[in-house]
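Asker: Here's a structure for you.
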Amino acid sequence: MGVRLTTAELLKNYFFNRDNLDEYKKNWVEIFEKDDDAKIYWDTEIEAGRIKKSMIDIFFDAYFQMFLQNKKYSISTEDKIAYNRLDRLAKSYQDFINNYCNGDKSVVISDMATYANAFYKVFRPEACDTTMPAAMGIDRINVIIFGLKTTTIIPYVLYVATNVSDQNELKEIYRVLETYIMRRIVTHASTKNYNNLFLSLIANEVLTADRLYEELENQEATTYMPDNDDLRNGFHNSYLVNLQTRGILYFIESAIRPANSATALLGFNNYSLEHMMPKKWRNNWGESPDKDNPRARDNKLLTLGNLAIIPQTLNSAIRDSNWETKKNGKGDSKPGLCKCAAGICTMNDALQKSEWNEAEIESRAEWLYEQARDLWKTK
């Protein structure tokens, strides 16, 4: 039995043969196989939509959308649905070329190098392992894509990165994207319609920040832009998965940290999440203020005001201790938050507190909201 070819191998065999070797070298070898770094990059697998896909397959999926969303081809709805099946991407390219390009492969090959070079430059999974800058831009978008697993924005980001030459405009587009996505994460808004939304931005040729903001502001209920009231409510009441919470706190941390800070900001992947009031508070924290409803405390400690990012996990003997012990630890072998969270700006005020309770959680949630409101500004 023969070895099953990958999507990329099927496409290479389809687009190139002995009759177009020069095109093969220019549009394939010099892009995807030019050196070891390129090969490693394109073979790298990341999690996209709960499955792992190589970067080269992700590229060809995103590149295909430039054609599917181009209105000049008038692709039928039925074909769009069929073509968007990832398990038949190579076959979809062939059908598209046969049915909408009169069999002319050059329609796809002609811009392949341009988009692939842009993809290679823009999309860097390693951004999650290095310091994220405070300034809005593609580095922060990469953490949203690969760290927070928001891969549905890749086609639109590739579209603007390739077609917007003004770097200031491009940065502003990235700022609007970050604002929209992070506000929705805080408010626990659904991502199920993201694919259609971001593909519609390509179809409508949205290539300026003003138009992007207008499109996002005018979205329907399922893809709305959260306002400041929504954002505040999210910080006080949202119950989020650890990955989302870690992302929110990390993005705020990177933005408010002084440039001359004595401690360096690590990459996103280097931080873990810690509940300041532990889930097992009943062991060492005394009774809940609401004795008739202790579940209220269980719920409050899951909200953003009670959560922190730290570069090393606390010892299990410290994690569920009372506040004083959790802050100061038990000697050098079992450090507390004051040592483990040293230099974390989003923790500075909390570590000055002699008590940690529901009121302090609310107070910190409000402070975090104010930082986020100023960071992710709407018009």
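Simple scheme: letters A, B, ... for chains in structure tokens order, numbers from 1 for residues in each chain, numbers from 1 for ligands in the order shown.
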I want to know what sits within 10 Å of Asn163 in chain A, based on only C-alpha atoms, with residues of the same chain fewer than 6 positions away left out; could you give that as a PyMOL selection string?
Answerer: chain A and resi 115+118+157+170+205+207
Asker: What's the 9 Å shell around range 195-204 of chain A, counting only C-alpha atoms, without same-chain residues fewer than 5 positions away, as a PyMOL selection string?
Answerer: chain A and resi 65-66+68-71+152-156+159-160+212+215-216+219+223
Asker: Export N, CA, C and O atoms of the chosen residues as a short mmCIF file (atom, residue, chain, number, x, y, z; two decimals), in the first residue's frame?
Answerer:
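That gives us selection.cif:
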data_model
loop_
_atom_site.label_atom_id
_atom_site.label_comp_id
_atom_site.auth_asym_id
_atom_site.auth_seq_id
_atom_site.Cartn_x
_atom_site.Cartn_y
_atom_site.Cartn_z
N GLN A 65 -8.85 31.14 0.29
CA GLN A 65 -9.95 32.08 0.59
C GLN A 65 -9.85 33.36 -0.21
O GLN A 65 -10.87 34.03 -0.44
N MET A 66 -8.65 33.74 -0.66
CA MET A 66 -8.52 34.94 -1.49
C MET A 66 -9.29 34.79 -2.80
O MET A 66 -9.80 35.77 -3.34
N LEU A 68 -11.89 32.30 -3.14
CA LEU A 68 -13.29 31.99 -2.83
C LEU A 68 -14.09 33.23 -2.47
O LEU A 68 -15.29 33.30 -2.76
N GLN A 69 -13.45 34.20 -1.84
CA GLN A 69 -14.17 35.41 -1.43
C GLN A 69 -14.14 36.50 -2.50
O GLN A 69 -14.79 37.54 -2.34
N ASN A 70 -13.38 36.28 -3.56
CA ASN A 70 -13.31 37.28 -4.63
C ASN A 70 -14.59 37.23 -5.47
O ASN A 70 -14.89 36.23 -6.13
N LYS A 71 -15.32 38.33 -5.45
CA LYS A 71 -16.65 38.34 -6.08
C LYS A 71 -16.61 38.19 -7.59
O LYS A 71 -17.61 37.83 -8.21
N THR A 152 -8.99 31.31 13.30
CA THR A 152 -9.96 31.70 12.27
C THR A 152 -9.66 33.07 11.67
O THR A 152 -10.20 33.39 10.61
N ILE A 153 -8.82 33.87 12.33
CA ILE A 153 -8.52 35.19 11.76
C ILE A 153 -7.36 35.13 10.77
O ILE A 153 -7.04 36.14 10.13
N ILE A 154 -6.71 33.98 10.62
CA ILE A 154 -5.53 33.89 9.76
C ILE A 154 -5.81 34.36 8.32
O ILE A 154 -5.03 35.16 7.78
N PRO A 155 -6.87 33.89 7.65
CA PRO A 155 -7.07 34.35 6.26
C PRO A 155 -7.19 35.87 6.15
O PRO A 155 -6.59 36.47 5.24
N TYR A 156 -7.93 36.50 7.06
CA TYR A 156 -8.07 37.96 6.96
C TYR A 156 -6.76 38.67 7.26
O TYR A 156 -6.40 39.64 6.58
N TYR A 159 -4.68 38.44 4.27
CA TYR A 159 -5.22 39.34 3.24
C TYR A 159 -4.74 40.78 3.45
O TYR A 159 -4.23 41.41 2.51
N VAL A 160 -4.85 41.29 4.66
CA VAL A 160 -4.45 42.68 4.89
C VAL A 160 -2.93 42.82 4.87
O VAL A 160 -2.39 43.82 4.37
N LEU A 212 -12.79 48.58 8.91
CA LEU A 212 -12.84 47.39 9.76
C LEU A 212 -13.64 47.68 11.02
O LEU A 212 -14.52 46.90 11.41
N GLU A 215 -17.31 47.88 10.20
CA GLU A 215 -17.89 46.55 9.97
C GLU A 215 -18.14 45.83 11.29
O GLU A 215 -19.19 45.20 11.49
N LEU A 216 -17.19 45.92 12.21
CA LEU A 216 -17.32 45.22 13.48
C LEU A 216 -18.36 45.87 14.38
O LEU A 216 -19.08 45.18 15.12
N GLN A 219 -21.98 44.69 13.52
CA GLN A 219 -22.27 43.26 13.53
C GLN A 219 -23.55 42.96 14.31
O GLN A 219 -23.97 43.72 15.18
N THR A 223 -22.00 38.40 16.85
CA THR A 223 -20.61 38.85 16.61
C THR A 223 -20.43 40.33 16.96
O THR A 223 -19.60 41.02 16.38
#
Asker: Set the distance at 9 Å and use only C-alpha atoms: which residues neighbour Thr208 in chain A once local chain neighbours fewer than 5 positions away are removed? I'd like the list as a compact mmCIF listing (two decimals) with N, CA, C and O atoms, in the first residue's frame.
Answerer:
# COMPACT_ATOMS: atom_id res chain seq x y z
N VAL A 160 -4.85 41.29 4.66
CA VAL A 160 -4.45 42.68 4.89
C VAL A 160 -2.93 42.82 4.87
O VAL A 160 -2.39 43.82 4.37
N VAL A 164 -2.06 45.65 2.22
CA VAL A 164 -1.96 47.00 2.81
C VAL A 164 -0.48 47.33 2.93
O VAL A 164 0.25 46.69 3.70
N GLU A 169 -1.16 52.10 8.83
CA GLU A 169 -2.53 51.62 8.63
C GLU A 169 -2.65 50.17 9.07
O GLU A 169 -3.62 49.77 9.72
N LEU A 170 -1.65 49.40 8.74
CA LEU A 170 -1.65 47.98 9.09
C LEU A 170 -1.65 47.80 10.61
O LEU A 170 -2.40 46.98 11.16
N GLU A 172 -2.80 49.86 12.76
CA GLU A 172 -4.10 50.27 13.27
C GLU A 172 -5.15 49.19 13.02
O GLU A 172 -6.04 48.96 13.86
N ILE A 173 -5.05 48.49 11.90
CA ILE A 173 -5.94 47.35 11.64
C ILE A 173 -5.72 46.29 12.72
O ILE A 173 -6.68 45.73 13.27
N TYR A 213 -13.36 48.81 11.65
CA TYR A 213 -14.08 49.17 12.87
C TYR A 213 -15.58 49.32 12.58
O TYR A 213 -16.42 48.85 13.35
Asker: Figure out the distance between CA of Val143 in chain A and CA of Asp43 in chain A, please, to one decimal in Å.
Answerer: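 Computing it gives 19.5 Å between the two atoms.
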Asker: Give me the residues within 10 Å of Gly305 in chain A as a list in words, counting only C-alpha atoms and dropping any in the same chain fewer than 4 places off.
Answerer: Phe235, His236, Asn237, His275, Met276, Lys300, Leu301, Ala350, Glu358, Ala359, Glu360, Ile361, Glu362, Ser363, Arg364, Ala365, Glu366, Trp367, Leu368 and Tyr369 of chain A
Asker: Looking only at the backbone, which of the residues in range 115-290 of chain A does DSSP tag as strand (DSSP E or B), as a PyMOL selection string?
Answerer: chain A and resi 272-275
Asker: Which of range 259-301 of chain A counts as helix (DSSP H, G or I) under DSSP, as a list in words please?
Answerer: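 The helix (DSSP H, G or I) residues within range 259-301 of chain A come out as Phe268, Asn269, Asn270, Trp281, Arg282, Asn283, Arg295, Ala296, Arg297, Asp298, Asn299 and Lys300 of chain A.
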Asker: Can those selected residues be exported to a file as an mmCIF file, in the first residue's frame so that it contains all heavy atoms?
Answerer:
data_model
loop_
_atom_site.group_PDB
_atom_site.id
_atom_site.type_symbol
_atom_site.label_atom_id
_atom_site.label_comp_id
_atom_site.auth_asym_id
_atom_site.auth_seq_id
_atom_site.Cartn_x
_atom_site.Cartn_y
_atom_site.Cartn_z
ATOM 1 N N PHE A 268 4.395 34.370 26.543
ATOM 2 C CA PHE A 268 3.083 33.949 27.022
ATOM 3 C C PHE A 268 3.090 32.524 27.575
ATOM 4 O O PHE A 268 2.480 32.231 28.608
ATOM 5 C CB PHE A 268 2.062 34.068 25.882
ATOM 6 C CG PHE A 268 0.705 33.532 26.202
ATOM 7 C CD1 PHE A 268 -0.131 34.191 27.086
ATOM 8 C CD2 PHE A 268 0.244 32.351 25.621
ATOM 9 C CE1 PHE A 268 -1.395 33.702 27.397
ATOM 10 C CE2 PHE A 268 -1.011 31.847 25.917
ATOM 11 C CZ PHE A 268 -1.830 32.533 26.809
ATOM 12 N N ASN A 269 3.810 31.629 26.908
ATOM 13 C CA ASN A 269 3.813 30.221 27.309
ATOM 14 C C ASN A 269 4.523 29.971 28.644
ATOM 15 O O ASN A 269 4.439 28.870 29.187
ATOM 16 C CB ASN A 269 4.474 29.364 26.225
ATOM 17 C CG ASN A 269 3.590 29.189 25.004
ATOM 18 O OD1 ASN A 269 2.385 29.389 25.062
ATOM 19 N ND2 ASN A 269 4.197 28.841 23.883
ATOM 20 N N ASN A 270 5.234 30.977 29.141
ATOM 21 C CA ASN A 270 6.013 30.804 30.369
ATOM 22 C C ASN A 270 5.233 31.126 31.642
ATOM 23 O O ASN A 270 5.781 31.026 32.740
ATOM 24 C CB ASN A 270 7.266 31.680 30.319
ATOM 25 C CG ASN A 270 8.206 31.278 29.202
ATOM 26 O OD1 ASN A 270 8.314 31.967 28.195
ATOM 27 N ND2 ASN A 270 8.865 30.146 29.349
ATOM 28 N N TRP A 281 -10.792 26.925 49.535
ATOM 29 C CA TRP A 281 -10.705 27.938 50.595
ATOM 30 C C TRP A 281 -11.255 27.432 51.931
ATOM 31 O O TRP A 281 -10.872 27.916 52.998
ATOM 32 C CB TRP A 281 -11.448 29.204 50.178
ATOM 33 C CG TRP A 281 -12.915 28.995 49.855
ATOM 34 C CD1 TRP A 281 -13.437 28.719 48.634
ATOM 35 C CD2 TRP A 281 -14.013 29.032 50.756
ATOM 36 N NE1 TRP A 281 -14.802 28.578 48.694
ATOM 37 C CE2 TRP A 281 -15.191 28.773 49.997
ATOM 38 C CE3 TRP A 281 -14.150 29.254 52.127
ATOM 39 C CZ2 TRP A 281 -16.459 28.730 50.567
ATOM 40 C CZ3 TRP A 281 -15.419 29.217 52.696
ATOM 41 C CH2 TRP A 281 -16.554 28.958 51.925
ATOM 42 N N ARG A 282 -12.133 26.470 51.889
ATOM 43 C CA ARG A 282 -12.751 25.988 53.130
ATOM 44 C C ARG A 282 -11.723 25.406 54.107
ATOM 45 O O ARG A 282 -11.964 25.365 55.315
ATOM 46 C CB ARG A 282 -13.827 24.945 52.808
ATOM 47 C CG ARG A 282 -15.079 25.527 52.135
ATOM 48 C CD ARG A 282 -15.991 24.422 51.629
ATOM 49 N NE ARG A 282 -17.223 24.944 51.050
ATOM 50 C CZ ARG A 282 -17.328 25.398 49.805
ATOM 51 N NH1 ARG A 282 -16.243 25.405 49.012
ATOM 52 N NH2 ARG A 282 -18.482 25.850 49.340
ATOM 53 N N ASN A 283 -10.574 24.983 53.575
ATOM 54 C CA ASN A 283 -9.565 24.369 54.441
ATOM 55 C C ASN A 283 -8.888 25.368 55.382
ATOM 56 O O ASN A 283 -8.640 25.064 56.543
ATOM 57 C CB ASN A 283 -8.490 23.677 53.590
ATOM 58 C CG ASN A 283 -9.040 22.500 52.809
ATOM 59 O OD1 ASN A 283 -10.099 21.967 53.135
ATOM 60 N ND2 ASN A 283 -8.333 22.098 51.775
ATOM 61 N N ARG A 295 -21.589 29.102 48.165
ATOM 62 C CA ARG A 295 -21.328 28.954 46.730
ATOM 63 C C ARG A 295 -21.069 30.293 46.058
ATOM 64 O O ARG A 295 -20.440 30.354 44.993
ATOM 65 C CB ARG A 295 -22.507 28.247 46.050
ATOM 66 C CG ARG A 295 -22.687 26.784 46.431
ATOM 67 C CD ARG A 295 -21.463 25.957 46.028
ATOM 68 N NE ARG A 295 -21.232 25.995 44.592
ATOM 69 C CZ ARG A 295 -21.813 25.188 43.729
ATOM 70 N NH1 ARG A 295 -22.646 24.245 44.160
ATOM 71 N NH2 ARG A 295 -21.550 25.284 42.449
ATOM 72 N N ALA A 296 -21.542 31.375 46.681
ATOM 73 C CA ALA A 296 -21.271 32.707 46.129
ATOM 74 C C ALA A 296 -19.766 32.961 46.111
ATOM 75 O O ALA A 296 -19.224 33.541 45.163
ATOM 76 C CB ALA A 296 -21.986 33.775 46.946
ATOM 77 N N ARG A 297 -19.070 32.516 47.181
ATOM 78 C CA ARG A 297 -17.608 32.645 47.208
ATOM 79 C C ARG A 297 -16.981 31.731 46.163
ATOM 80 O O ARG A 297 -16.014 32.112 45.478
ATOM 81 C CB ARG A 297 -17.078 32.339 48.607
ATOM 82 C CG ARG A 297 -15.568 32.220 48.672
ATOM 83 C CD ARG A 297 -15.049 32.107 50.096
ATOM 84 N NE ARG A 297 -14.923 33.428 50.702
ATOM 85 C CZ ARG A 297 -14.318 33.669 51.847
ATOM 86 N NH1 ARG A 297 -13.820 32.657 52.564
ATOM 87 N NH2 ARG A 297 -14.230 34.894 52.333
ATOM 88 N N ASP A 298 -17.489 30.524 46.022
ATOM 89 C CA ASP A 298 -16.978 29.603 45.005
ATOM 90 C C ASP A 298 -17.020 30.239 43.615
ATOM 91 O O ASP A 298 -16.108 30.063 42.804
ATOM 92 C CB ASP A 298 -17.795 28.307 44.989
ATOM 93 C CG ASP A 298 -17.594 27.462 46.238
ATOM 94 O OD1 ASP A 298 -16.496 27.525 46.809
ATOM 95 O OD2 ASP A 298 -18.537 26.760 46.632
ATOM 96 N N ASN A 299 -18.106 30.950 43.357
ATOM 97 C CA ASN A 299 -18.254 31.594 42.054
ATOM 98 C C ASN A 299 -17.346 32.805 41.917
ATOM 99 O O ASN A 299 -16.714 33.015 40.872
ATOM 100 C CB ASN A 299 -19.709 32.006 41.834
ATOM 101 C CG ASN A 299 -20.633 30.818 41.695
ATOM 102 O OD1 ASN A 299 -20.216 29.744 41.258
ATOM 103 N ND2 ASN A 299 -21.898 30.976 42.075
ATOM 104 N N LYS A 300 -17.265 33.636 42.956
ATOM 105 C CA LYS A 300 -16.484 34.871 42.878
ATOM 106 C C LYS A 300 -15.006 34.596 42.675
ATOM 107 O O LYS A 300 -14.311 35.322 41.951
ATOM 108 C CB LYS A 300 -16.708 35.686 44.159
ATOM 109 C CG LYS A 300 -15.991 37.034 44.180
ATOM 110 C CD LYS A 300 -16.297 37.890 42.940
ATOM 111 C CE LYS A 300 -17.758 38.274 42.833
ATOM 112 N NZ LYS A 300 -18.019 39.123 41.636
#
Asker: Give me the residues within 10 Å of His188 in chain A as a PyMOL selection string, counting only C-alpha atoms and dropping any in the same chain fewer than 4 places off.
Answerer: chain A and resi 182-184+231+234+237-241+244
Asker: For Thr263 in chain A, which residue among A:Leu5, A:Arg124, A:Asp166, A:Ala341 is the nearest when counting only C-alpha atoms?
Answerer: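 Among the listed residues, the smallest separation from Thr263 in chain A belongs to A:Ala341.
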Asker: If I take CA of Met55 in chain A and CA of Asn193 in chain A, how far is one from the other in Å, to one decimal?
Answerer: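 For CA of Met55 in chain A relative to CA of Asn193 in chain A, the distance reads 23.0 Å.
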Asker: Rounded to one decimal in Å, what is the spacing between CA of Thr6 in chain A and CA of Arg88 in chain A?
Answerer: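 Going from CA of Thr6 in chain A over to CA of Arg88 in chain A covers 10.7 Å.
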Asker: Return the single residue from A:Val186, A:Ile97, A:Ala308, A:Ile144 that is closest to Met277 in chain A, with distances computed using only C-alpha atoms.
Answerer: A:Ala308
